[in-house]
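Below: query_12.tsv (TSV, C-alpha atoms and all ligand atoms)
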```tsv
chain	number	residue	atom	x	y	z
A	184	MET	CA	9.60	6.52	-11.96
A	185	LEU	CA	11.65	5.96	-8.82
A	186	ASP	CA	10.52	9.45	-7.84
A	187	ASN	CA	6.88	8.27	-7.68
A	188	ILE	CA	7.69	5.59	-5.11
A	189	ARG	CA	7.22	6.31	-1.41
A	190	ILE	CA	8.43	4.18	1.48
A	191	VAL	CA	6.11	4.39	4.50
A	192	LEU	CA	7.26	3.18	7.94
A	193	VAL	CA	4.47	2.78	10.51
A	194	ASN	CA	5.16	3.46	14.23
A	195	THR	CA	8.82	2.53	14.06
A	196	SER	CA	10.22	2.05	17.60
A	197	HIS	CA	13.96	2.25	17.03
A	198	PRO	CA	15.36	5.39	15.40
A	199	GLY	CA	18.35	3.34	14.20
A	200	ASN	CA	15.98	1.36	11.99
A	201	ILE	CA	14.65	4.58	10.43
A	202	GLY	CA	18.22	5.63	9.64
A	203	SER	CA	19.10	2.21	8.20
A	204	ALA	CA	15.94	2.21	6.10
A	205	ALA	CA	16.86	5.66	4.73
A	206	ARG	CA	20.29	4.37	3.79
A	207	ALA	CA	18.82	1.28	2.13
A	208	MET	CA	16.48	3.50	0.12
A	209	LYS	CA	19.10	5.97	-1.03
A	210	THR	CA	21.47	3.25	-2.24
A	211	MET	CA	18.68	2.19	-4.59
A	212	GLY	CA	17.76	5.72	-5.69
A	213	ILE	CA	14.46	5.92	-3.81
A	214	THR	CA	14.29	8.98	-1.57
A	215	HIS	CA	10.71	9.69	-0.49
A	216	LEU	CA	10.26	8.55	3.10
A	217	THR	CA	7.06	9.01	5.11
A	218	LEU	CA	6.96	8.17	8.82
A	219	VAL	CA	3.66	7.44	10.54
A	220	GLU	CA	3.95	8.37	14.23
A	221	PRO	CA	7.58	7.32	14.76
A	222	LYS	CA	8.37	6.73	18.46
A	223	ASP	CA	11.60	8.73	18.42
A	224	PHE	CA	12.33	11.06	15.49
A	225	PRO	CA	14.29	13.16	14.63
A	226	SER	CA	17.08	11.43	16.46
A	227	ALA	CA	20.87	11.45	16.43
A	228	ARG	CA	20.84	7.65	16.20
A	229	ALA	CA	18.75	7.74	13.07
A	230	THR	CA	21.09	10.25	11.46
A	231	TRP	CA	24.13	8.18	12.48
A	232	MET	CA	22.70	4.98	10.98
A	233	ALA	CA	21.66	6.80	7.81
A	234	SER	CA	25.32	7.63	7.09
A	235	GLY	CA	25.33	9.25	3.61
A	236	ALA	CA	21.54	9.28	3.47
A	237	ALA	CA	20.94	12.00	6.08
A	238	ASP	CA	19.18	14.04	3.37
A	239	VAL	CA	16.49	11.34	3.09
A	240	LEU	CA	15.78	11.81	6.81
A	241	GLU	CA	15.82	15.60	6.52
A	242	ASN	CA	13.20	15.43	3.79
A	243	ALA	CA	11.12	12.73	5.52
A	244	VAL	CA	7.47	13.59	6.03
A	245	VAL	CA	5.99	12.78	9.45
A	246	VAL	CA	2.22	12.15	9.57
A	247	PRO	CA	-0.20	10.99	12.28
A	248	THR	CA	-1.98	8.16	10.39
A	249	LEU	CA	-1.46	5.63	7.63
A	250	ASP	CA	-4.43	7.21	5.80
A	251	ALA	CA	-2.59	10.52	5.70
A	252	ALA	CA	0.60	8.81	4.51
A	253	VAL	CA	-1.02	7.18	1.47
A	254	ALA	CA	-3.98	9.53	0.72
A	255	ASP	CA	-2.68	10.58	-2.72
A	256	CYS	CA	-1.33	7.14	-3.72
A	257	ALA	CA	-3.09	5.21	-6.47
A	258	MET	CA	-1.41	1.97	-5.41
A	259	VAL	CA	-0.66	0.84	-1.87
A	260	ILE	CA	1.37	-2.29	-1.17
A	261	GLY	CA	1.64	-3.70	2.35
A	262	THR	CA	4.58	-5.82	3.48
A	263	SER	CA	3.96	-8.78	5.68
A	264	ALA	CA	6.19	-11.31	7.36
A	265	ARG	CA	3.36	-13.78	7.86
A	266	LEU	CA	0.16	-14.82	6.12
A	267	ARG	CA	-3.16	-13.48	7.43
A	268	ARG	CA	-6.52	-15.14	7.85
A	269	ILE	CA	-8.22	-13.58	4.85
A	270	PRO	CA	-5.67	-13.81	2.04
A	271	TRP	CA	-5.01	-10.72	-0.07
A	272	PRO	CA	-3.40	-10.70	-3.54
A	273	LEU	CA	0.13	-11.69	-2.53
A	274	LEU	CA	3.22	-10.80	-4.57
A	275	THR	CA	6.80	-12.04	-4.51
A	276	PRO	CA	9.42	-9.26	-4.40
A	277	LYS	CA	10.01	-9.62	-8.17
A	278	GLU	CA	6.28	-9.49	-8.98
A	279	CYS	CA	5.99	-6.53	-6.63
A	280	ALA	CA	8.70	-4.71	-8.56
A	281	GLN	CA	6.83	-5.20	-11.85
A	282	VAL	CA	3.55	-4.03	-10.36
A	283	VAL	CA	5.25	-0.98	-8.85
A	284	LYS	CA	6.91	-0.22	-12.16
A	285	GLU	CA	3.50	0.01	-13.84
A	286	GLY	CA	1.87	1.91	-11.04
A	287	ALA	CA	4.70	4.42	-10.66
A	288	ALA	CA	4.80	5.25	-14.36
A	289	LYS	CA	2.02	7.81	-13.95
A	290	GLN	CA	0.92	7.92	-10.30
A	291	GLN	CA	2.18	7.67	-6.74
A	292	VAL	CA	2.85	4.24	-5.22
A	293	ALA	CA	3.38	3.51	-1.51
A	294	LEU	CA	5.18	0.55	0.01
A	295	VAL	CA	4.17	0.22	3.65
A	296	PHE	CA	6.31	-1.39	6.40
A	297	GLY	CA	5.09	-2.36	9.86
A	298	ARG	CA	6.18	-2.11	13.48
A	299	GLU	CA	9.26	-4.03	14.58
A	300	ALA	CA	7.34	-6.04	17.18
A	301	VAL	CA	3.93	-6.64	15.62
A	302	GLY	CA	4.09	-5.66	11.94
A	303	LEU	CA	1.00	-4.06	10.37
A	304	SER	CA	-2.49	-4.55	11.82
A	305	ASN	CA	-5.14	-6.36	9.80
A	306	GLU	CA	-6.97	-3.07	9.38
A	307	GLU	CA	-3.84	-1.47	7.93
A	308	LEU	CA	-3.18	-4.41	5.62
A	309	GLN	CA	-6.76	-4.23	4.39
A	310	LYS	CA	-6.18	-0.71	3.11
A	311	CYS	CA	-3.74	-2.15	0.56
A	312	ASN	CA	-4.19	-3.27	-3.04
A	313	TYR	CA	-1.53	-5.95	-2.72
A	314	HIS	CA	0.66	-7.59	-0.12
A	315	VAL	CA	4.27	-8.61	-0.61
A	316	ASN	CA	6.23	-11.20	1.31
A	317	ILE	CA	9.96	-11.86	1.14
A	318	PRO	CA	10.20	-15.64	1.25
A	319	GLY	CA	12.99	-16.96	3.43
A	320	ASN	CA	13.95	-19.75	5.79
A	321	ALA	CA	10.72	-21.44	6.90
A	322	GLU	CA	12.12	-21.70	10.43
A	323	TYR	CA	12.65	-17.96	10.71
A	324	ASP	CA	11.92	-15.48	7.95
A	325	VAL	CA	11.29	-12.23	9.81
A	326	LEU	CA	13.74	-9.66	8.47
A	327	ASN	CA	14.86	-6.53	10.21
A	328	ILE	CA	12.68	-3.75	8.77
A	329	ALA	CA	15.55	-1.89	7.08
A	330	MET	CA	16.70	-5.13	5.46
A	331	ALA	CA	13.19	-5.72	4.17
A	332	VAL	CA	13.30	-2.18	2.72
A	333	GLN	CA	16.65	-3.05	1.11
A	334	VAL	CA	15.43	-6.24	-0.55
A	335	LEU	CA	12.26	-4.67	-1.97
A	336	THR	CA	13.86	-1.42	-3.15
A	337	TYR	CA	16.67	-3.45	-4.77
A	338	GLU	CA	14.11	-5.43	-6.78
A	339	MET	CA	12.31	-2.24	-7.79
A	340	ARG	CA	15.54	-0.70	-8.97
A	341	GLN	CA	16.39	-3.81	-11.00
A	342	ALA	CA	12.95	-3.79	-12.63
A	343	ILE	CA	12.92	-0.08	-13.36
A	344	VAL	CA	16.51	1.00	-14.01
A	345	HIS	CA	18.18	-2.19	-15.20
A	346	ALA	CA	15.36	-3.80	-17.18
A	347	GLU	CA	15.91	-5.21	-20.67
A	348	PRO	CA	14.26	-2.88	-23.21
A	349	ASP	CA	11.89	-5.68	-24.32
A	350	SER	CA	10.70	-6.59	-20.86
A	351	HIS	CA	10.00	-2.91	-20.34
A	352	LYS	CA	7.66	-2.81	-23.32
A	353	GLN	CA	5.95	-6.02	-22.28
A	354	SER	CA	5.28	-4.99	-18.74
A	355	MET	CA	3.87	-1.55	-19.56
A	356	THR	CA	0.53	-2.94	-20.58
A	357	ILE	CA	-2.25	-1.99	-18.24
A	358	GLU	CA	-1.77	1.19	-16.25
A	359	CYS	CA	0.22	3.13	-18.84
A	360	ARG	CA	-2.37	2.72	-21.54
A	361	TRP	CA	-5.38	3.27	-19.29
A	362	ASP	CA	-7.58	6.20	-20.28
A	363	GLU	CA	-8.32	7.37	-16.74
A	364	ASP	CA	-6.24	7.85	-13.60
A	365	MET	CA	-6.70	5.21	-10.92
A	366	ALA	CA	-8.55	6.34	-7.82
A	367	ASN	CA	-6.20	7.19	-4.96
A	368	ALA	CA	-6.35	5.81	-1.40
A	369	GLN	CA	-8.32	8.77	-0.07
A	370	GLU	CA	-10.95	8.40	-2.81
A	371	MET	CA	-11.10	4.63	-2.18
A	372	SER	CA	-11.60	5.26	1.51
A	373	GLY	CA	-14.61	7.49	0.73
A	374	PHE	CA	-15.84	4.82	-1.67
A	375	HIS	CA	-15.71	2.04	0.95
A	376	GLU	CA	-17.55	4.23	3.45
A	377	HIS	CA	-20.26	5.07	0.92
A	378	PHE	CA	-20.67	1.41	-0.07
A	379	ASN	CA	-20.97	0.44	3.58
A	380	GLN	CA	-23.55	3.18	4.26
A	381	MET	CA	-25.59	2.08	1.25
A	382	LEU	CA	-25.54	-1.55	2.50
A	383	LEU	CA	-26.75	-0.31	5.91
A	384	ASP	CA	-29.50	1.79	4.30
A	385	ILE	CA	-30.86	-1.21	2.41
A	386	GLU	CA	-30.44	-3.32	5.58
A	387	PHE	CA	-28.24	-5.79	3.77
A	388	TYR	CA	-26.44	-6.92	6.93
A	389	ASP	CA	-26.73	-6.80	10.68
A	390	PRO	CA	-24.42	-3.98	11.84
A	391	ASN	CA	-23.86	-5.88	15.10
A	392	ASN	CA	-22.68	-8.90	13.20
A	393	PRO	CA	-21.06	-7.91	9.88
A	394	LYS	CA	-18.98	-11.13	9.77
A	395	GLN	CA	-16.38	-10.77	7.01
A	396	LEU	CA	-18.64	-8.85	4.63
A	397	LEU	CA	-16.80	-5.53	4.88
A	398	THR	CA	-13.35	-7.10	4.68
A	399	ARG	CA	-14.35	-9.11	1.65
A	400	SER	CA	-15.95	-6.17	-0.14
A	401	ARG	CA	-12.88	-4.07	0.64
A	402	ARG	CA	-10.69	-6.77	-0.85
A	403	LEU	CA	-12.91	-7.00	-3.93
A	404	PHE	CA	-12.79	-3.29	-4.75
A	405	ASN	CA	-9.12	-2.85	-3.83
A	406	ARG	CA	-8.27	-5.77	-6.08
A	407	ALA	CA	-10.32	-4.35	-8.95
A	408	ARG	CA	-8.34	-1.07	-8.78
A	409	LEU	CA	-11.13	1.30	-9.77
A	410	ASP	CA	-10.27	4.26	-11.95
A	411	ARG	CA	-11.80	7.65	-11.11
A	412	LEU	CA	-14.63	7.35	-13.63
A	413	GLU	CA	-15.58	3.86	-12.45
A	414	LEU	CA	-15.51	5.01	-8.86
A	415	ASN	CA	-17.80	7.97	-9.59
A	416	MET	CA	-20.15	5.74	-11.57
A	417	MET	CA	-20.43	3.28	-8.66
A	418	ARG	CA	-20.96	6.07	-6.15
A	419	GLY	CA	-23.65	7.51	-8.41
A	420	ILE	CA	-25.41	4.13	-8.34
A	421	PHE	CA	-25.14	3.95	-4.52
A	422	SER	CA	-26.57	7.46	-4.18
A	423	ARG	CA	-29.48	6.60	-6.48
A	424	ILE	CA	-30.28	3.45	-4.47
A	425	GLN	CA	-30.16	5.51	-1.26
A	426	ALA	CA	-32.44	8.19	-2.73
A	427	LYS	CA	-34.90	5.59	-4.03
A	428	ILE	CA	-35.35	3.73	-0.76
A	429	LYS	CA	-35.77	7.00	1.15
A	430	SER	CA	-38.43	8.33	-1.26
A	501	LIG	N1	6.37	-9.85	14.35
A	501	LIG	C1	6.07	-9.02	13.23
A	501	LIG	C2	7.35	-8.82	12.46
A	501	LIG	C3	7.51	-7.45	12.03
A	501	LIG	S1	9.04	-7.24	11.24
A	501	LIG	C4	5.04	-9.71	12.37
A	501	LIG	O1	4.73	-10.83	12.63
A	501	LIG	O2	4.49	-9.12	11.44
A	501	LIG	C5	8.88	-5.53	10.82
A	501	LIG	C6	8.51	-5.27	9.40
A	501	LIG	O3	9.54	-5.69	8.52
A	501	LIG	C7	7.25	-5.93	8.90
A	501	LIG	O4	6.07	-5.27	9.28
A	501	LIG	C8	7.48	-5.84	7.40
A	501	LIG	O5	7.22	-4.51	6.99
A	501	LIG	C9	8.97	-6.10	7.29
A	501	LIG	N2	9.30	-7.53	7.08
A	501	LIG	C10	10.00	-8.33	7.89
A	501	LIG	N3	10.12	-9.56	7.36
A	501	LIG	C11	9.46	-9.53	6.18
A	501	LIG	C12	9.23	-10.49	5.15
A	501	LIG	N4	9.68	-11.75	5.24
A	501	LIG	N5	8.52	-10.11	4.07
A	501	LIG	C13	8.06	-8.85	3.97
A	501	LIG	N6	8.25	-7.91	4.89
A	501	LIG	C14	8.94	-8.22	5.99
```
Would you mind giving the structure from this file in structure tokens?
Amino acid sequence: MLDNIRIVLVNTSHPGNIGSAARAMKTMGITHLTLVEPKDFPSARATWMASGAADVLENAVVVPTLDAAVADCAMVIGTSARLRRIPWPLLTPKECAQVVKEGAAKQQVALVFGREAVGLSNEELQKCNYHVNIPGNAEYDVLNIAMAVQVLTYEMRQAIVHAEPDSHKQSMTIECRWDEDMANAQEMSGFHEHFNQMLLDIEFYDPNNPKQLLTRSRRLFNRARLDRLELNMMRGIFSRIQAKIKS
């Protein structure tokens, strides 16, 4: 299960943080690292900070966009140090670990970390199914990125490797018994585009003034976690509506 978990670092500025994050991951048995446009990588400083986890860096995958990093993931969780204007389903680290445990039983799960200075953009956070926040001192609760990786991977390891047998049975309720695979991020991205195009075709909203419609519909469908069959059914309906109004 730990093997189905991927840590994604977006636009990391300091190579030392990439190395520290790799070390944090390896100590918890999580080794798949994806870097979205790192500023400086590979780097001797990263390798130095990784210490015994240099192999995690050697196997790290470097990609140009967040979309590419999570395309094949059926669950994407964004980390955030502060609350955003439109709230998303927000997990504590312990809840996050349970959700990841279910998601990673059969499919790939990504945990996404933001830039040191500005975190993740709203657009990036809106690609996620859930957000997770590490609660801390109200006066200052912004962790160093590698420390945030450490806290969250620790909780995942506790939930997955050190769980009581009973809690294991209890938590494996939804995803493991589902009859279809969940749609992955790439399929969801195509879905959101199709939904948007259908709304434009039926002139449901003013494209110059969409307000929060697209954000809210994105949140709705990401929260629902469509499986592949449901996604195809919905897209079939959209296509039929489009065909009808054009005929
Ligand atoms: N000023 C930025 C802080 C970024 S800290 C902001 O306001 O978002 C760099 C990254 O570390 C964040 O993007 C997140 O991935 C992680 N991080 C730091 N503190 C966190 C916290 N309390 N909970 C969850 N993630 C946190």
task: Fewer than 6 positions away in the same chain doesn't count, so skip those; otherwise give me all residues within 8 Å of region 258-272 of chain A, counting only C-alpha atoms, as a PyMOL selection string.
output: chain A and resi 286+291-297+302-303+305+308+310-317+324-326+367-368+402+406
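Taking CA of Arg399 (chain A) and CA of Leu335 (chain A) as the two end points, the separation is 27.2 Å.
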Starting from 3 Å padding per side, set up an axis-aligned box that covers all listed atoms of region 417-427 of chain A and hand over centre and edge lengths in Å, one decimal, as AutoDock Vina command-line options.
```
--center_x -27.7 --center_y 5.7 --center_z -5.0 --size_x 20.5 --size_y 10.9 --size_z 13.4
```
query: Taking into account only C-alpha atoms, which residue in the set A:Glu307, A:Glu322, A:Glu338, A:Glu413 is nearest to Glu278 (chain A)?
result: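 Closest to Glu278 (chain A) of all the choices is A:Glu338.
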field: 12 Å contact set for Leu409 (chain A), all atoms listed in the file, chain neighbours under 3 positions out, as a VMD selection string
entry: chain A and resid 257 to 258 312 358 361 363 to 368 370 to 372 374 to 375 401 403 to 406 412 to 418
message: I want to know what sits within 10 Å of Glu241 (chain A), based on all atoms listed in the file, with residues of the same chain fewer than 6 positions away left out; could you give that as a count of residues only?
response: 3
- prompt: Which is closer to Met208 (chain A) than all the others in A:Phe378, A:Tyr337, A:Tyr388, A:Tyr323, using only C-alpha atoms?
  reply: A:Tyr337
message: Give me, as a list in words, all polymer residues having an atom no more than 10 Å from Asp223 (chain A), counting only C-alpha atoms and skipping those fewer than 4 positions away in the same chain.
response: Asn194, Thr195, Ser196, His197, Pro198, Gly199, Ile201, Ala227, Arg228 and Ala229 of chain A
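Here atom C14 of ligand LIG 501 (chain A) and CA of Glu347 (chain A) stand 27.7 Å from one another.
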- prompt: What separation in Å, quoted to one decimal, exists between CA of Asp384 (chain A) and CA of Gln425 (chain A)?
  reply: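 Those two atoms sit 6.7 Å apart.
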message: Give me, as a list in words, all polymer residues having an atom no more than 7 Å from Asn200 (chain A), counting all atoms listed in the file and skipping those fewer than 3 positions away in the same chain.
response: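 Here the qualifying residues turn out to be His197, Ser203, Ala204, Ile328 and Ala329 of chain A.
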task: For the point (-32.6, -3.2, 2.2) in the file's frame, write as a count of residues only all residues with an atom no more than 12 Å away, counting all atoms listed in the file.
output: 15
- request: Check the smallest atom-to-atom distance from each of A:Asn392, A:Ser304, A:Gln341, A:Asn242 to ligand LIG 501 (chain A) using only C-alpha atoms and all ligand atoms, then report the winner.
  value: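 Answer, going by the shortest atom-to-atom distance: A:Ser304.
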query: From the set A:Gly235, A:Gly373, A:Pro221, A:Pro276, which residue has the shortest atom-to-atom contact distance to ligand LIG 501 (chain A), counting only C-alpha atoms and all ligand atoms?
result: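 Of the candidates, the smallest distance to ligand LIG 501 (chain A) is held by A:Pro276.
Remark: for ligand LIG 501 (chain A), the closest of the candidate residues A:Arg411, A:Arg298, A:Lys394, A:Arg423 is A:Arg298 (distances computed over all atoms listed in the file).
Minimum atom-to-atom distances from A:Leu273, A:Cys279, A:Ala300, A:Ala252 to ligand LIG 501 (chain A) were compared using all atoms listed in the file, and the lowest value belongs to A:Ala300.
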